[in-house]
file data.cif (mmCIF, C-alpha atoms and all ligand atoms)
data_data
#
loop_
_atom_site.label_atom_id
_atom_site.label_comp_id
_atom_site.auth_asym_id
_atom_site.auth_seq_id
_atom_site.Cartn_x
_atom_site.Cartn_y
_atom_site.Cartn_z
CA MET A 1 -106.85 -45.45 -34.40
CA SER A 2 -105.87 -45.75 -38.06
CA ARG A 3 -106.48 -48.30 -40.80
CA ILE A 4 -103.05 -49.44 -41.94
CA LEU A 5 -102.01 -51.60 -44.89
CA VAL A 6 -98.77 -53.55 -44.53
CA ALA A 7 -97.81 -54.97 -47.92
CA GLY A 8 -95.42 -57.87 -47.32
CA GLY A 9 -96.85 -58.21 -43.81
CA ALA A 10 -96.27 -61.99 -43.54
CA GLY A 11 -92.51 -61.60 -43.97
CA PHE A 12 -89.86 -61.23 -41.31
CA LEU A 13 -90.10 -57.46 -40.79
CA GLY A 14 -93.74 -57.20 -41.86
CA ALA A 15 -95.01 -59.64 -39.22
CA HIS A 16 -93.26 -57.72 -36.44
CA LEU A 17 -94.66 -54.47 -37.82
CA CYS A 18 -98.23 -55.85 -38.00
CA GLU A 19 -97.94 -57.11 -34.41
CA LYS A 20 -96.70 -53.74 -33.13
CA LEU A 21 -99.35 -51.74 -35.01
CA LEU A 22 -102.10 -54.02 -33.68
CA GLY A 23 -100.69 -53.53 -30.18
CA GLU A 24 -101.06 -49.79 -30.68
CA GLY A 25 -104.77 -50.28 -31.40
CA HIS A 26 -104.84 -49.92 -35.19
CA ASP A 27 -106.78 -51.89 -37.78
CA VAL A 28 -104.19 -53.75 -39.80
CA TYR A 29 -104.55 -55.08 -43.35
CA CYS A 30 -101.73 -57.45 -44.20
CA ALA A 31 -101.41 -58.02 -47.98
CA ASP A 32 -99.00 -60.76 -48.93
CA ASN A 33 -98.78 -63.49 -51.58
CA LEU A 34 -96.59 -65.66 -49.30
CA HIS A 35 -93.75 -65.60 -51.84
CA THR A 36 -91.07 -65.54 -49.12
CA GLY A 37 -93.33 -64.87 -46.14
CA VAL A 38 -95.15 -67.63 -44.26
CA LYS A 39 -98.51 -67.91 -42.50
CA HIS A 40 -96.60 -69.18 -39.45
CA ASN A 41 -95.31 -65.59 -38.91
CA ILE A 42 -98.82 -64.16 -38.53
CA LYS A 43 -100.78 -67.14 -37.24
CA HIS A 44 -100.94 -65.62 -33.73
CA LEU A 45 -102.56 -62.49 -35.24
CA LEU A 46 -105.27 -64.23 -37.28
CA SER A 47 -107.75 -64.45 -34.39
CA ASN A 48 -107.50 -60.70 -33.70
CA SER A 49 -110.61 -58.99 -35.15
CA CYS A 50 -108.51 -55.91 -36.04
CA PHE A 51 -106.20 -58.02 -38.23
CA ASN A 52 -107.14 -58.74 -41.82
CA PHE A 53 -105.04 -61.00 -44.01
CA ILE A 54 -105.44 -60.46 -47.77
CA GLN A 55 -103.67 -62.99 -49.97
CA HIS A 56 -102.59 -60.65 -52.74
CA ASP A 57 -99.75 -60.12 -55.20
CA VAL A 58 -98.73 -56.44 -55.23
CA THR A 59 -97.92 -56.59 -58.92
CA ASN A 60 -101.71 -56.44 -59.31
CA ALA A 61 -103.78 -53.44 -58.24
CA LEU A 62 -105.28 -53.50 -54.75
CA TYR A 63 -108.37 -51.64 -53.51
CA VAL A 64 -108.57 -51.13 -49.77
CA ASP A 65 -109.50 -47.92 -47.95
CA VAL A 66 -106.69 -47.13 -45.50
CA ASP A 67 -104.98 -44.14 -43.86
CA GLU A 68 -101.41 -45.41 -44.08
CA ILE A 69 -99.50 -47.86 -46.27
CA TYR A 70 -96.20 -49.55 -45.47
CA ASN A 71 -94.77 -51.14 -48.62
CA LEU A 72 -92.46 -53.97 -47.56
CA ALA A 73 -93.42 -56.46 -50.26
CA CYS A 74 -90.21 -57.73 -51.83
CA PRO A 75 -87.93 -60.71 -51.17
CA ALA A 76 -84.95 -59.41 -49.16
CA SER A 77 -82.48 -62.27 -49.21
CA PRO A 78 -80.01 -62.45 -52.15
CA ILE A 79 -80.76 -66.14 -52.80
CA HIS A 80 -84.46 -65.33 -53.13
CA TYR A 81 -84.32 -62.13 -55.14
CA GLN A 82 -81.69 -63.52 -57.56
CA VAL A 83 -83.59 -66.69 -58.43
CA ASP A 84 -86.09 -64.75 -60.58
CA PRO A 85 -84.55 -61.32 -61.21
CA VAL A 86 -87.28 -60.28 -63.66
CA GLN A 87 -89.96 -60.95 -61.06
CA THR A 88 -87.89 -59.08 -58.45
CA LEU A 89 -87.92 -56.01 -60.68
CA LYS A 90 -91.66 -56.39 -61.29
CA ILE A 91 -92.39 -56.75 -57.56
CA ASN A 92 -90.37 -53.65 -56.81
CA ILE A 93 -91.52 -51.42 -59.62
CA ASN A 94 -95.05 -52.60 -60.46
CA GLY A 95 -95.68 -53.22 -56.77
CA ALA A 96 -94.61 -49.69 -55.83
CA ILE A 97 -96.69 -48.16 -58.64
CA ASN A 98 -99.76 -50.07 -57.44
CA MET A 99 -99.19 -49.00 -53.83
CA LEU A 100 -98.56 -45.38 -54.86
CA ASP A 101 -101.71 -45.36 -57.01
CA LEU A 102 -103.67 -46.73 -54.06
CA SER A 103 -102.17 -44.04 -51.80
CA LYS A 104 -103.17 -41.38 -54.35
CA ARG A 105 -106.70 -42.76 -54.67
CA VAL A 106 -107.46 -43.00 -50.93
CA ASN A 107 -105.19 -40.13 -49.81
CA ALA A 108 -103.08 -42.38 -47.57
CA LYS A 109 -99.60 -41.64 -46.28
CA ILE A 110 -97.16 -44.16 -47.75
CA LEU A 111 -93.81 -45.50 -46.54
CA GLN A 112 -91.39 -47.49 -48.67
CA ALA A 113 -88.96 -50.03 -47.26
CA SER A 114 -85.87 -49.15 -49.28
CA SER A 115 -82.47 -50.63 -48.59
CA SER A 116 -78.84 -49.92 -47.83
CA GLU A 117 -78.29 -51.84 -51.08
CA VAL A 118 -78.96 -48.55 -52.93
CA TYR A 119 -75.37 -47.65 -51.91
CA GLY A 120 -74.09 -50.70 -53.83
CA ASP A 121 -70.47 -51.58 -53.02
CA PRO A 122 -69.79 -48.24 -51.32
CA GLU A 123 -66.54 -46.29 -51.76
CA VAL A 124 -67.61 -43.94 -48.98
CA HIS A 125 -67.62 -45.36 -45.48
CA PRO A 126 -69.78 -45.10 -43.41
CA GLN A 127 -72.77 -44.35 -45.66
CA SER A 128 -74.87 -41.22 -45.16
CA GLU A 129 -77.98 -40.35 -47.16
CA GLN A 130 -75.94 -37.79 -49.14
CA TYR A 131 -73.87 -40.56 -50.75
CA TRP A 132 -75.33 -41.60 -54.12
CA GLY A 133 -73.79 -45.06 -54.15
CA LYS A 134 -71.60 -47.16 -56.43
CA VAL A 135 -73.79 -49.57 -58.33
CA ASP A 136 -73.12 -51.80 -61.32
CA PRO A 137 -76.48 -51.78 -63.13
CA VAL A 138 -75.89 -55.24 -64.62
CA CYS A 139 -74.48 -57.11 -61.62
CA MET A 140 -76.20 -60.11 -60.00
CA ARG A 141 -77.69 -57.93 -57.26
CA SER A 142 -78.86 -55.20 -59.64
CA CYS A 143 -82.44 -56.55 -59.97
CA TYR A 144 -82.86 -55.73 -56.29
CA ILE A 145 -80.61 -52.67 -56.08
CA GLU A 146 -81.85 -50.92 -59.21
CA GLY A 147 -85.39 -52.01 -58.29
CA LYS A 148 -85.08 -50.22 -54.94
CA ARG A 149 -83.40 -47.20 -56.57
CA CYS A 150 -86.17 -46.94 -59.15
CA VAL A 151 -88.79 -47.25 -56.38
CA GLU A 152 -87.18 -44.31 -54.57
CA THR A 153 -87.40 -42.34 -57.82
CA LEU A 154 -91.06 -43.34 -58.20
CA PHE A 155 -91.84 -42.20 -54.65
CA PHE A 156 -90.24 -38.79 -55.20
CA SER A 157 -91.92 -38.44 -58.59
CA TYR A 158 -95.37 -39.09 -57.06
CA PHE A 159 -94.46 -36.67 -54.27
CA ARG A 160 -93.47 -33.88 -56.66
CA GLN A 161 -96.17 -34.51 -59.26
CA TYR A 162 -99.17 -35.40 -57.08
CA GLY A 163 -98.20 -34.14 -53.61
CA LEU A 164 -98.42 -37.57 -51.99
CA GLN A 165 -97.28 -37.84 -48.37
CA ILE A 166 -94.27 -40.10 -48.79
CA LYS A 167 -91.64 -41.58 -46.47
CA VAL A 168 -88.60 -43.53 -47.66
CA GLY A 169 -86.55 -45.54 -45.14
CA ARG A 170 -83.22 -47.10 -46.18
CA ILE A 171 -83.04 -50.23 -44.05
CA PHE A 172 -79.66 -51.76 -43.20
CA ASN A 173 -79.18 -55.47 -42.33
CA THR A 174 -81.80 -56.42 -39.75
CA TYR A 175 -82.10 -59.65 -37.80
CA GLY A 176 -84.21 -61.30 -35.12
CA PRO A 177 -86.90 -63.88 -34.46
CA ARG A 178 -89.04 -64.86 -37.50
CA MET A 179 -86.15 -64.74 -39.94
CA HIS A 180 -86.72 -67.71 -42.20
CA PRO A 181 -84.27 -70.50 -41.31
CA ASN A 182 -83.59 -71.26 -44.98
CA ASP A 183 -83.49 -67.80 -46.47
CA GLY A 184 -79.71 -67.72 -46.65
CA ARG A 185 -79.05 -64.55 -44.68
CA VAL A 186 -75.92 -64.67 -42.60
CA ILE A 187 -77.35 -64.51 -39.07
CA SER A 188 -80.02 -67.15 -39.67
CA ASN A 189 -77.50 -69.36 -41.50
CA PHE A 190 -74.87 -69.14 -38.76
CA ILE A 191 -77.30 -69.68 -35.87
CA VAL A 192 -79.01 -72.67 -37.52
CA GLN A 193 -75.62 -74.17 -38.44
CA ALA A 194 -74.29 -73.63 -34.91
CA LEU A 195 -77.37 -75.16 -33.27
CA LYS A 196 -77.33 -78.20 -35.57
CA GLY A 197 -73.55 -78.68 -35.20
CA ASP A 198 -73.09 -78.13 -38.95
CA ASP A 199 -70.11 -76.29 -40.43
CA ILE A 200 -70.35 -72.48 -40.31
CA THR A 201 -70.16 -71.26 -43.90
CA ILE A 202 -68.06 -68.10 -44.16
CA TYR A 203 -68.10 -66.68 -47.67
CA GLY A 204 -64.77 -65.22 -48.81
CA THR A 205 -62.24 -64.29 -46.10
CA GLY A 206 -64.91 -63.16 -43.65
CA GLN A 207 -63.29 -59.71 -43.52
CA GLN A 208 -66.30 -58.05 -45.19
CA THR A 209 -68.37 -56.06 -42.70
CA ARG A 210 -72.04 -55.49 -41.96
CA SER A 211 -73.88 -53.56 -39.24
CA PHE A 212 -76.79 -55.49 -37.78
CA CYS A 213 -79.94 -53.93 -36.34
CA TYR A 214 -82.33 -55.85 -34.08
CA VAL A 215 -85.83 -56.11 -35.51
CA ASP A 216 -87.64 -54.36 -32.62
CA ASP A 217 -85.42 -51.30 -33.06
CA LEU A 218 -85.98 -51.27 -36.79
CA VAL A 219 -89.77 -51.54 -36.52
CA GLU A 220 -89.78 -48.65 -34.04
CA GLY A 221 -87.78 -46.63 -36.59
CA LEU A 222 -90.30 -47.36 -39.36
CA ILE A 223 -93.22 -46.30 -37.15
CA ARG A 224 -91.44 -43.09 -36.12
CA LEU A 225 -90.70 -42.30 -39.75
CA MET A 226 -94.36 -42.81 -40.68
CA GLY A 227 -95.38 -40.53 -37.79
CA ALA A 228 -92.91 -37.77 -38.64
CA PRO A 229 -94.14 -34.40 -39.96
CA ALA A 230 -95.00 -34.15 -43.68
CA ASN A 231 -91.79 -32.30 -44.56
CA ILE A 232 -89.74 -35.32 -43.44
CA THR A 233 -89.82 -37.57 -46.48
CA GLY A 234 -86.39 -39.19 -46.23
CA PRO A 235 -84.64 -41.01 -47.71
CA ILE A 236 -83.44 -41.72 -44.22
CA ASN A 237 -81.06 -44.45 -43.01
CA LEU A 238 -82.46 -46.89 -40.44
CA GLY A 239 -79.89 -49.27 -39.04
CA ASN A 240 -77.45 -49.95 -36.26
CA PRO A 241 -74.03 -48.33 -36.81
CA SER A 242 -72.23 -51.00 -34.80
CA GLU A 243 -70.05 -52.67 -37.45
CA ILE A 244 -68.63 -56.20 -37.31
CA THR A 245 -66.75 -58.49 -39.69
CA ILE A 246 -68.46 -61.68 -40.75
CA SER A 247 -65.66 -63.72 -39.09
CA GLN A 248 -66.24 -61.89 -35.79
CA LEU A 249 -69.97 -62.55 -36.14
CA ALA A 250 -69.30 -66.29 -36.59
CA GLN A 251 -67.13 -66.36 -33.45
CA ARG A 252 -69.78 -64.44 -31.52
CA ILE A 253 -72.50 -66.92 -32.50
CA LEU A 254 -70.29 -69.92 -31.69
CA SER A 255 -69.63 -68.54 -28.24
CA LEU A 256 -73.29 -67.61 -27.54
CA THR A 257 -74.58 -71.01 -28.65
CA GLY A 258 -71.70 -72.96 -27.06
CA SER A 259 -71.43 -74.81 -30.36
CA SER A 260 -68.35 -76.67 -31.54
CA SER A 261 -69.21 -76.26 -35.23
CA LYS A 262 -66.19 -75.79 -37.51
CA LEU A 263 -65.67 -72.67 -39.62
CA ILE A 264 -65.37 -73.39 -43.33
CA TYR A 265 -64.56 -70.89 -46.06
CA LEU A 266 -66.56 -70.89 -49.30
CA PRO A 267 -66.25 -68.65 -52.35
CA LEU A 268 -67.54 -65.10 -51.93
CA PRO A 269 -70.71 -64.57 -53.99
CA ARG A 270 -70.22 -62.23 -56.93
CA ASP A 271 -70.82 -58.54 -56.18
CA ASP A 272 -70.88 -59.05 -52.40
CA PRO A 273 -70.38 -55.58 -50.83
CA ARG A 274 -67.15 -55.25 -48.78
CA GLN A 275 -68.45 -52.94 -46.11
CA ARG A 276 -71.69 -51.52 -44.81
CA LYS A 277 -72.33 -49.12 -41.92
CA PRO A 278 -75.02 -46.46 -41.68
CA VAL A 279 -74.68 -42.86 -40.60
CA ILE A 280 -77.87 -42.34 -38.59
CA ASP A 281 -77.53 -38.64 -37.66
CA GLN A 282 -80.73 -37.81 -39.56
CA ALA A 283 -82.76 -40.53 -37.84
CA LYS A 284 -81.43 -39.33 -34.48
CA SER A 285 -82.19 -35.66 -35.04
CA LEU A 286 -85.39 -35.87 -37.12
CA LEU A 287 -87.04 -38.96 -35.61
CA ASN A 288 -85.39 -38.99 -32.19
CA TRP A 289 -84.58 -42.63 -32.99
CA GLU A 290 -81.54 -44.78 -32.48
CA PRO A 291 -81.15 -48.52 -31.93
CA ARG A 292 -81.11 -49.67 -28.31
CA VAL A 293 -80.55 -53.45 -28.52
CA LYS A 294 -76.92 -54.57 -28.35
CA LEU A 295 -75.82 -57.28 -30.79
CA ASN A 296 -75.24 -59.88 -28.05
CA ASP A 297 -78.72 -59.33 -26.59
CA GLY A 298 -80.42 -59.46 -29.97
CA LEU A 299 -78.47 -62.58 -30.94
CA LYS A 300 -79.53 -64.29 -27.70
CA GLN A 301 -83.22 -63.63 -28.52
CA THR A 302 -82.72 -64.89 -32.05
CA ILE A 303 -80.93 -68.02 -30.84
CA ILE A 304 -83.84 -68.79 -28.46
CA TYR A 305 -86.25 -68.41 -31.40
CA PHE A 306 -84.28 -70.80 -33.61
CA GLU A 307 -83.81 -73.30 -30.79
CA LYS A 308 -87.60 -73.52 -30.47
CA LEU A 309 -88.04 -73.68 -34.22
CA LEU A 310 -85.57 -76.52 -34.52
CA CYS A 311 -87.51 -78.34 -31.79
CA ILE A 312 -84.46 -78.30 -29.53
CA ARG A 313 -86.73 -76.97 -26.82
CA GLY A 314 -89.74 -78.98 -27.83
CA SER A 315 -91.88 -76.59 -29.86
CA SER A 316 -92.84 -77.46 -33.44
CA GLY A 317 -91.71 -75.17 -36.21
CA LEU A 318 -91.11 -74.47 -39.82
CA LEU A 319 -88.44 -76.99 -40.61
P1 LIG B 1 -89.10 -61.11 -46.34
O1 LIG B 1 -88.70 -61.80 -47.58
O2 LIG B 1 -89.12 -61.89 -45.07
O3 LIG B 1 -90.51 -60.41 -46.49
C1 LIG B 1 -90.99 -59.89 -47.70
C2 LIG B 1 -92.47 -60.16 -47.74
O4 LIG B 1 -92.99 -59.66 -48.99
C3 LIG B 1 -92.79 -61.66 -47.70
O5 LIG B 1 -93.84 -61.92 -46.78
C4 LIG B 1 -93.23 -61.97 -49.12
O6 LIG B 1 -94.14 -63.07 -49.20
C5 LIG B 1 -93.85 -60.65 -49.53
N1 LIG B 1 -93.91 -60.51 -50.97
C6 LIG B 1 -92.92 -60.74 -51.87
N2 LIG B 1 -93.38 -60.54 -53.11
C7 LIG B 1 -94.67 -60.16 -53.00
C8 LIG B 1 -95.69 -59.82 -53.91
N3 LIG B 1 -95.46 -59.84 -55.24
N4 LIG B 1 -96.90 -59.51 -53.45
C9 LIG B 1 -97.17 -59.50 -52.12
N5 LIG B 1 -96.24 -59.82 -51.19
C10 LIG B 1 -95.02 -60.15 -51.64
O7 LIG B 1 -88.12 -59.85 -46.19
P2 LIG B 1 -87.94 -58.83 -44.98
O8 LIG B 1 -86.59 -59.03 -44.43
O9 LIG B 1 -89.11 -58.88 -44.08
O10 LIG B 1 -87.93 -57.46 -45.78
C11 LIG B 1 -89.06 -56.64 -45.87
C12 LIG B 1 -88.73 -55.40 -46.68
O11 LIG B 1 -87.64 -54.69 -46.08
C13 LIG B 1 -88.31 -55.70 -48.12
O12 LIG B 1 -88.85 -54.73 -48.97
C14 LIG B 1 -86.81 -55.59 -48.08
O13 LIG B 1 -86.29 -55.22 -49.32
C15 LIG B 1 -86.61 -54.51 -47.03
N6 LIG B 1 -85.30 -54.62 -46.40
C16 LIG B 1 -85.05 -55.62 -45.49
C17 LIG B 1 -83.80 -55.72 -44.92
C18 LIG B 1 -83.46 -56.78 -43.90
O14 LIG B 1 -82.33 -56.85 -43.41
N7 LIG B 1 -84.39 -57.63 -43.50
C19 LIG B 1 -82.78 -54.81 -45.27
C20 LIG B 1 -83.08 -53.83 -46.21
C21 LIG B 1 -84.33 -53.73 -46.75
N1 LIG B 2 -72.49 -64.66 -45.63
C1 LIG B 2 -71.61 -65.65 -45.18
N2 LIG B 2 -72.13 -66.89 -44.95
C2 LIG B 2 -73.45 -67.18 -45.09
C3 LIG B 2 -74.34 -66.17 -45.52
C4 LIG B 2 -73.81 -64.92 -45.79
O1 LIG B 2 -70.41 -65.42 -45.02
O2 LIG B 2 -73.83 -68.35 -44.83
C5 LIG B 2 -71.95 -63.30 -45.87
C6 LIG B 2 -72.33 -62.71 -47.21
O3 LIG B 2 -71.41 -63.10 -48.20
C7 LIG B 2 -72.26 -61.22 -46.90
C8 LIG B 2 -72.68 -61.13 -45.44
O4 LIG B 2 -72.50 -62.44 -44.90
O5 LIG B 2 -70.94 -60.76 -47.01
C9 LIG B 2 -74.14 -60.70 -45.25
O6 LIG B 2 -74.97 -61.54 -46.06
P1 LIG B 2 -76.55 -61.42 -46.07
O7 LIG B 2 -77.03 -62.25 -47.22
O8 LIG B 2 -77.08 -61.69 -44.73
O9 LIG B 2 -76.80 -59.87 -46.34
P2 LIG B 2 -76.35 -58.86 -47.52
O10 LIG B 2 -75.18 -59.45 -48.24
O11 LIG B 2 -77.54 -58.69 -48.40
O12 LIG B 2 -75.96 -57.61 -46.80
#

call {"tool": "encode", "arguments": {"input": "data.cif", "output": "structure tokens"}}
result
Amino acid sequence: MSRILVAGGAGFLGAHLCEKLLGEGHDVYCADNLHTGVKHNIKHLLSNSCFNFIQHDVTNALYVDVDEIYNLACPASPIHYQVDPVQTLKININGAINMLDLSKRVNAKILQASSSEVYGDPEVHPQSEQYWGKVDPVCMRSCYIEGKRCVETLFFSYFRQYGLQIKVGRIFNTYGPRMHPNDGRVISNFIVQALKGDDITIYGTGQQTRSFCYVDDLVEGLIRLMGAPANITGPINLGNPSEITISQLAQRILSLTGSSSKLIYLPLPRDDPRQRKPVIDQAKSLLNWEPRVKLNDGLKQTIIYFEKLLCIRGSSGLL
């Protein structure tokens, strides 16, 4: 049994990770300032004596004696991270420095949730870890992208300079229950719109692609990466290589929900990447990990979650 800190543990991925780690018998410390995360995500964990919620902003130093640290603290949705780009950079960089300093002080293994965004608008398709990316350092997304890239540099600098046990996972688009209904990501937007009978908002032509990983698969990947031998530091891609256009995704969600919502086309946000698909050979060979949940099955689970949240099936929720 280990003592594990999950920074950003009240967010979408963090709450699933906390739940899984508790299920494995660990003591979990969830540090979160509820910037984009919500208490609702972890309310079922609060009565567990092995779960400790610490309301904390990672841009300030944190003192807690743990064996492992997962650093997930950072808004992940473009509408959230672009609203205050300076703060996004501070959360990424100052937050990572504080987590790395804590790891150094208490000799804890530390894992960083990096992102497929480090590849920018990729010219190489699909994206393997060897590709260095195509990033405009002054674009609208750069506060997040360059933040994540700098955090990767920080992790490898602490590794080389102080011998910290680091792990860097590059997470591709992930979806599932506990996504925030208003956070603007495509799967939550489309499902909520379909369930409410609102128009489905396709940005641009809908021909841009993404590859969506179900949250349970992703969390398993993070835990395997943390448990991997010390020589496996990453960066390592974690995602589902099954690629789909945004138009196809909209059709899929319409059919699974049985909705008669109309498709409408809105302007493509600036700097929106055209394509995204991970090469996961490293995760397969080094972590013996690959996603298992098919898109249709994961979407069905996510639809059930949002139906409950929207009170369509009677349960109260966030909205
Ligand atoms: P999320 O926004 O749901 O969760 C982020 C959590 O971090 C929230 O609970 C938020 O309150 C917390 N947080 C933000 N700023 C903080 C601060 N200053 N101090 C303490 N806590 C703070 O996002 P998510 O989808 O769960 O993403 C988690 C991590 O995974 C992020 O680092 C994100 O960049 C990364 N990631 C996610 C995806 C994805 O598809 N979900 C893809 C790539 C990378
Ligand atoms: N998108 C869309 N309609 C929406 C929300 C998003 O067409 O209501 C598009 C968005 O432009 C992008 C893709 O879906 O091309 C994925 O967007 P998301 O914000 O989920 O993830 P990211 O762009 O960060 O990969």

call {"tool": "atom_distance", "arguments": {"input": "data.cif", "atom1": "CA of Asn71 in chain A", "atom2": "CA of Gln112 in chain A"}}
result
5.0 Å

call {"tool": "atom_distance", "arguments": {"input": "data.cif", "atom1": "CA of Pro229 in chain A", "atom2": "CA of Lys109 in chain A"}}
result
11.1 Å

call {"tool": "closest_atom_pairs", "arguments": {"input": "data.cif", "of": "chain A", "to": "ligand LIG 2 (chain B)", "cutoff": "7 Å", "atoms": "only C-alpha atoms and all ligand atoms", "output": "JSON lines"}}
result
{"residue": "A:Ser77", "atom": "CA", "partner": "B:LIG2", "partner_atom": "O7", "distance": 5.8}
{"residue": "A:Pro78", "atom": "CA", "partner": "B:LIG2", "partner_atom": "O7", "distance": 5.8}
{"residue": "A:Asn173", "atom": "CA", "partner": "B:LIG2", "partner_atom": "O12", "distance": 5.9}
{"residue": "A:Gly184", "atom": "CA", "partner": "B:LIG2", "partner_atom": "C3", "distance": 5.7}
{"residue": "A:Arg185", "atom": "CA", "partner": "B:LIG2", "partner_atom": "O8", "distance": 3.5}
{"residue": "A:Val186", "atom": "CA", "partner": "B:LIG2", "partner_atom": "C3", "distance": 3.6}
{"residue": "A:Ile187", "atom": "CA", "partner": "B:LIG2", "partner_atom": "O8", "distance": 6.3}
{"residue": "A:Asn189", "atom": "CA", "partner": "B:LIG2", "partner_atom": "O2", "distance": 5.1}
{"residue": "A:Phe190", "atom": "CA", "partner": "B:LIG2", "partner_atom": "O2", "distance": 6.2}
{"residue": "A:Thr201", "atom": "CA", "partner": "B:LIG2", "partner_atom": "O2", "distance": 4.8}
{"residue": "A:Ile202", "atom": "CA", "partner": "B:LIG2", "partner_atom": "O1", "distance": 3.7}
{"residue": "A:Tyr203", "atom": "CA", "partner": "B:LIG2", "partner_atom": "O1", "distance": 3.7}
{"residue": "A:Gly204", "atom": "CA", "partner": "B:LIG2", "partner_atom": "O1", "distance": 6.8}
{"residue": "A:Gly206", "atom": "CA", "partner": "B:LIG2", "partner_atom": "O1", "distance": 6.1}
{"residue": "A:Gln208", "atom": "CA", "partner": "B:LIG2", "partner_atom": "O5", "distance": 5.7}
{"residue": "A:Thr209", "atom": "CA", "partner": "B:LIG2", "partner_atom": "O5", "distance": 6.9}
{"residue": "A:Arg210", "atom": "CA", "partner": "B:LIG2", "partner_atom": "C9", "distance": 6.5}
{"residue": "A:Ile246", "atom": "CA", "partner": "B:LIG2", "partner_atom": "O4", "distance": 5.8}
{"residue": "A:Leu268", "atom": "CA", "partner": "B:LIG2", "partner_atom": "O3", "distance": 5.7}
{"residue": "A:Pro269", "atom": "CA", "partner": "B:LIG2", "partner_atom": "O3", "distance": 6.0}
{"residue": "A:Asp272", "atom": "CA", "partner": "B:LIG2", "partner_atom": "O5", "distance": 5.7}
{"residue": "A:Pro273", "atom": "CA", "partner": "B:LIG2", "partner_atom": "O5", "distance": 6.5}
{"residue": "A:Arg274", "atom": "CA", "partner": "B:LIG2", "partner_atom": "O5", "distance": 6.9}

call {"tool": "residues_near_ligand", "arguments": {"input": "data.cif", "ligand": "ligand LIG 1 (chain B)", "cutoff": "7 Å", "atoms": "only C-alpha atoms and all ligand atoms", "output": "ChimeraX atom specification"}}
result
/A:7-14,31-38,56-59,71-77,91,95,113-116,170-175,179-180

call {"tool": "residues_near_point", "arguments": {"input": "data.cif", "point": "(-85.3, -40.6, -54.2)", "cutoff": "12 Å", "atoms": "all atoms listed in the file", "output": "PyMOL selection string"}}
result
chain A and resi 112+114-115+118+129-132+146+148-160+166-170+233-236

call {"tool": "atom_distance", "arguments": {"input": "data.cif", "atom1": "CA of Pro241 in chain A", "atom2": "CA of Gln127 in chain A"}}
result
9.8 Å

call {"tool": "closest_residue", "arguments": {"input": "data.cif", "among": "A:Asp27, A:Asp136, A:Asp67, A:Glu307", "to": "Asp271 in chain A", "atoms": "all atoms listed in the file"}}
result
A:Asp136

call {"tool": "closest_residue", "arguments": {"input": "data.cif", "among": "A:Ile304, A:Ile110, A:Leu46, A:Leu256", "to": "Ala228 in chain A", "atoms": "all atoms listed in the file"}}
result
A:Ile110

call {"tool": "closest_residue", "arguments": {"input": "data.cif", "among": "A:Ala230, A:Met99, A:Asn52, A:Leu225", "to": "Ser285 in chain A", "atoms": "only C-alpha atoms"}}
result
A:Leu225

call {"tool": "residues_around", "arguments": {"input": "data.cif", "residues": "Ile303 in chain A", "least_positions_apart": "3", "cutoff": "9 Å", "atoms": "all atoms listed in the file", "output": "NGL selection string"}}
result
:A and (176-177 or 188 or 191-192 or 195 or 253 or 256-257 or 298-300 or 306-308)

call {"tool": "residues_around", "arguments": {"input": "data.cif", "residues": "Tyr29 in chain A", "least_positions_apart": "6", "cutoff": "9 Å", "atoms": "all atoms listed in the file", "output": "list in words"}}
result
Arg3, Ile4, Leu5, Val6, Ala7, Gly9, Cys18, Cys50, Phe51, Asn52, Phe53, Ile54, Val64 and Val66 of chain A

call {"tool": "closest_residue", "arguments": {"input": "data.cif", "among": "A:Ala250, A:Ile244, A:Cys213, A:Ile264", "to": "Asp297 in chain A", "atoms": "all atoms listed in the file"}}
result
A:Cys213

call {"tool": "closest_residue", "arguments": {"input": "data.cif", "among": "A:Ala194, A:Met140, A:Ile232, A:Leu254", "to": "Leu286 in chain A", "atoms": "all atoms listed in the file"}}
result
A:Ile232

call {"tool": "closest_residue", "arguments": {"input": "data.cif", "among": "A:Pro278, A:Glu24, A:Lys43, A:Ser2", "to": "Asp65 in chain A", "atoms": "all atoms listed in the file"}}
result
A:Ser2

call {"tool": "axis_aligned_box", "arguments": {"input": "data.cif", "around": "range 44-56 of chain A", "padding_each_side": "6 Å", "output": "lines of an AutoDock Vina configuration file"}}
result
center_x = -105.8
center_y = -60.8
center_z = -43.2
size_x = 21.7
size_y = 21.7
size_z = 31.0

call {"tool": "residues_around", "arguments": {"input": "data.cif", "residues": "Gly221 in chain A", "least_positions_apart": "4", "cutoff": "10 Å", "atoms": "only C-alpha atoms", "output": "tab-separated table (two decimals) with C-alpha atoms, in the coordinates of the input"}}
result
chain	number	residue	atom	x	y	z
A	169	GLY	CA	-86.55	-45.54	-45.14
A	171	ILE	CA	-83.04	-50.23	-44.05
A	215	VAL	CA	-85.83	-56.11	-35.51
A	216	ASP	CA	-87.64	-54.36	-32.62
A	217	ASP	CA	-85.42	-51.30	-33.06
A	225	LEU	CA	-90.70	-42.30	-39.75
A	226	MET	CA	-94.36	-42.81	-40.68
A	227	GLY	CA	-95.38	-40.53	-37.79
A	237	ASN	CA	-81.06	-44.45	-43.01
A	238	LEU	CA	-82.46	-46.89	-40.44
A	239	GLY	CA	-79.89	-49.27	-39.04
A	283	ALA	CA	-82.76	-40.53	-37.84
A	284	LYS	CA	-81.43	-39.33	-34.48
A	287	LEU	CA	-87.04	-38.96	-35.61
A	288	ASN	CA	-85.39	-38.99	-32.19
A	289	TRP	CA	-84.58	-42.63	-32.99
A	290	GLU	CA	-81.54	-44.78	-32.48
A	291	PRO	CA	-81.15	-48.52	-31.93
